[in-house]
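input-v6.cif, holding mmCIF, C-alpha atoms:
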```
data_entry
#
loop_
_atom_site.label_atom_id
_atom_site.label_comp_id
_atom_site.auth_asym_id
_atom_site.auth_seq_id
_atom_site.Cartn_x
_atom_site.Cartn_y
_atom_site.Cartn_z
CA ALA A 1135 -12.90 -13.72 -37.59
CA ARG A 1136 -16.30 -15.18 -36.83
CA ALA A 1137 -16.85 -18.30 -34.77
CA VAL A 1138 -17.23 -21.49 -36.79
CA ARG A 1139 -20.49 -23.22 -35.80
CA GLY A 1140 -19.06 -26.77 -35.80
CA ASP A 1141 -16.00 -25.78 -33.78
CA LEU A 1142 -18.07 -23.83 -31.26
CA ALA A 1143 -20.44 -26.79 -30.86
CA ARG A 1144 -17.44 -29.06 -30.30
CA ILE A 1145 -16.01 -26.70 -27.65
CA LEU A 1146 -19.29 -26.41 -25.74
CA SER A 1147 -19.96 -30.14 -25.99
CA ASN A 1148 -16.52 -30.91 -24.62
CA ILE A 1149 -16.91 -28.53 -21.68
CA LEU A 1150 -20.35 -29.97 -20.88
CA ASN A 1151 -19.00 -33.53 -21.08
CA ASN A 1152 -16.19 -32.57 -18.70
CA ALA A 1153 -18.75 -31.12 -16.28
CA VAL A 1154 -20.82 -34.31 -16.39
CA GLU A 1155 -17.75 -36.50 -15.88
CA ALA A 1156 -16.58 -34.37 -12.95
CA GLY A 1157 -19.54 -35.65 -10.97
CA SER A 1158 -19.30 -39.23 -12.17
CA GLY A 1159 -20.59 -41.71 -9.64
CA HIS A 1160 -23.09 -39.36 -8.05
CA SER A 1161 -25.79 -36.95 -9.12
CA HIS A 1162 -24.99 -33.27 -9.35
CA THR A 1163 -26.34 -30.17 -11.05
CA ILE A 1164 -24.69 -28.38 -13.95
CA HIS A 1165 -25.60 -24.73 -14.45
CA VAL A 1166 -25.43 -23.18 -17.91
CA GLY A 1167 -25.97 -19.49 -18.44
CA VAL A 1168 -25.59 -16.97 -21.23
CA HIS A 1169 -24.72 -13.39 -20.36
CA PHE A 1170 -24.62 -10.44 -22.78
CA LEU A 1171 -21.86 -8.01 -21.82
CA ARG A 1172 -21.52 -5.87 -24.93
CA PRO A 1173 -19.49 -6.26 -26.99
CA TYR A 1174 -19.23 -9.83 -25.69
CA VAL A 1175 -21.47 -12.77 -25.02
CA GLU A 1176 -20.37 -15.18 -22.29
CA ILE A 1177 -21.43 -18.79 -21.88
CA HIS A 1178 -20.94 -20.02 -18.31
CA ILE A 1179 -20.86 -23.75 -17.54
CA GLN A 1180 -20.57 -24.60 -13.84
CA ASP A 1181 -20.42 -27.96 -12.11
CA HIS A 1182 -20.12 -28.96 -8.48
CA GLY A 1183 -17.84 -31.91 -9.09
CA CYS A 1184 -14.35 -32.93 -8.06
CA GLY A 1185 -12.59 -29.77 -9.27
CA ILE A 1186 -9.20 -29.40 -10.93
CA PRO A 1187 -5.95 -29.16 -8.94
CA SER A 1188 -4.19 -25.79 -9.27
CA GLU A 1189 -1.06 -27.35 -10.78
CA VAL A 1190 -3.21 -28.81 -13.59
CA LEU A 1191 -5.36 -25.70 -13.94
CA GLU A 1192 -2.36 -23.43 -14.59
CA ARG A 1193 -1.19 -25.70 -17.43
CA LEU A 1194 -4.54 -25.94 -19.26
CA GLY A 1195 -4.27 -24.58 -22.77
CA GLN A 1196 -0.49 -24.86 -22.87
CA GLU A 1197 -0.52 -28.52 -23.86
CA PRO A 1198 -3.05 -31.33 -24.31
CA LEU A 1199 -3.74 -32.28 -20.71
CA SER A 1200 -6.28 -34.58 -19.10
CA PHE A 1201 -7.15 -34.96 -15.43
CA GLY A 1202 -9.16 -37.68 -13.73
CA LYS A 1203 -10.34 -39.44 -16.90
CA SER A 1204 -8.99 -42.81 -17.94
CA GLU A 1205 -9.83 -42.20 -21.61
CA GLY A 1206 -9.16 -38.45 -21.73
CA THR A 1207 -6.59 -36.96 -24.11
CA GLY A 1208 -6.86 -33.31 -23.12
CA LEU A 1209 -7.35 -32.30 -26.74
CA GLY A 1210 -10.80 -30.78 -26.18
CA LEU A 1211 -9.76 -27.93 -23.90
CA TYR A 1212 -6.48 -27.49 -25.77
CA HIS A 1213 -8.52 -27.00 -28.96
CA ALA A 1214 -10.76 -24.45 -27.21
CA TYR A 1215 -7.81 -22.46 -25.88
CA SER A 1216 -6.24 -22.52 -29.36
CA VAL A 1217 -9.29 -21.56 -31.44
CA LEU A 1218 -11.19 -19.02 -29.33
CA PRO A 1219 -8.54 -16.24 -29.57
CA ASP A 1220 -8.76 -16.47 -33.39
CA TRP A 1221 -12.42 -15.45 -33.03
CA GLY A 1222 -11.67 -12.60 -30.63
CA GLY A 1223 -12.71 -14.75 -27.70
CA GLN A 1224 -11.22 -16.65 -24.80
CA LEU A 1225 -11.77 -19.49 -22.35
CA ASN A 1226 -11.42 -18.88 -18.63
CA ILE A 1227 -11.60 -21.78 -16.18
CA ARG A 1228 -11.75 -21.42 -12.41
CA SER A 1229 -11.86 -24.42 -10.12
CA ALA A 1230 -11.60 -25.55 -6.51
CA LEU A 1231 -10.96 -29.12 -5.43
CA ASN A 1232 -14.10 -30.91 -4.22
CA ARG A 1233 -16.18 -27.78 -4.90
CA GLY A 1234 -16.41 -27.65 -8.68
CA THR A 1235 -15.41 -25.80 -11.79
CA ILE A 1236 -16.75 -22.91 -13.84
CA ALA A 1237 -15.79 -22.50 -17.48
CA VAL A 1238 -16.53 -19.20 -19.21
CA VAL A 1239 -16.45 -19.03 -22.99
CA ARG A 1240 -16.29 -15.40 -24.08
CA LEU A 1241 -16.99 -14.40 -27.69
CA LEU A 1242 -17.54 -11.15 -29.53
CA ALA A 1243 -21.28 -10.73 -29.99
CA ALA A 1244 -22.62 -10.63 -33.53
CA GLU A 1245 -23.73 -7.22 -34.70
#
```
Could you quickly redo this structure as structure tokens?
Amino acid sequence: ARAVRGDLARILSNILNNAVEAGSGHSHTIHVGVHFLRPYVEIHIQDHGCGIPSEVLERLGQEPLSFGKSEGTGLGLYHAYSVLPDWGGQLNIRSALNRGTIAVVRLLAAE
């Protein structure tokens, strides 16, 4: 199945918002890159914020889960983990406390 534009925009917006919020209180840089690795396209979003503890990281995608946000519900990443496989894609998140997080959205490239 092909990616749905509105859902993909929601996923990327949520990941970018998380990256911004990870550095809340101080200025930091967020790197966004697009890499073509046929047959895939990968969108990398990297921050240098507070990071995600390993015990939270290993549970992402299994349940709605929020970390470090007073208003967070965890539904954004849960939605991404749920929808991307239906499009032949995936979400991979790596993180280190006090060093930052990189989220990689991988999708099948259009022909």
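Closest approach to Trp1221 (chain A) among A:Ser1188, A:Tyr1174, A:Val1166, A:Gly1234 is made by A:Tyr1174 (distances from only C-alpha atoms).
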(request) Identify all residues satisfying the PyMOL selection byres ((chain A and resi 1194) around 12) in the given file; provide them as a PyMOL selection string. (result) chain A and resi 1186-1193+1195-1201+1208-1216+1225-1229+1237
(request) Run the PyMOL selection byres ((chain A and resi 1240) around 8) on the file and write out the hits as a PyMOL selection string. (result) chain A and resi 1174-1177+1223-1225+1238-1239+1241-1242
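Using the PyMOL selection byres ((chain A and resi 1151) around 12) on this structure selects Ala1143, Arg1144, Ile1145, Leu1146, Ser1147, Asn1148, Ile1149, Leu1150, Asn1152, Ala1153, Val1154, Glu1155, Ala1156, Gly1157, Ser1158, Ile1164, Ile1179, Gln1180, Asp1181, Lys1203, Gly1206, Gly1210 and Leu1211 of chain A.
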(request) Provide the CA of Leu1218 (chain A) to CA of Asp1141 (chain A) distance in Å, to one decimal place. (result) 9.4 Å
(request) Could you check how far CA of His1165 (chain A) sits from CA of Leu1231 (chain A), in Å to one decimal? (result) 17.7 Å
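Going from CA of Arg1172 (chain A) over to CA of Arg1136 (chain A), you cover 16.0 Å.
Across A:Gly1222, A:His1169, A:Asn1232, A:Ala1243, the tightest approach to Cys1184 (chain A) is made by A:Asn1232 when counting all atoms listed in the file.
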(request) Rank nothing, just name the residue among A:Ala1244, A:His1162, A:Ala1135, A:Phe1170 nearest to Gly1183 (chain A), using only C-alpha atoms. (result) A:His1162
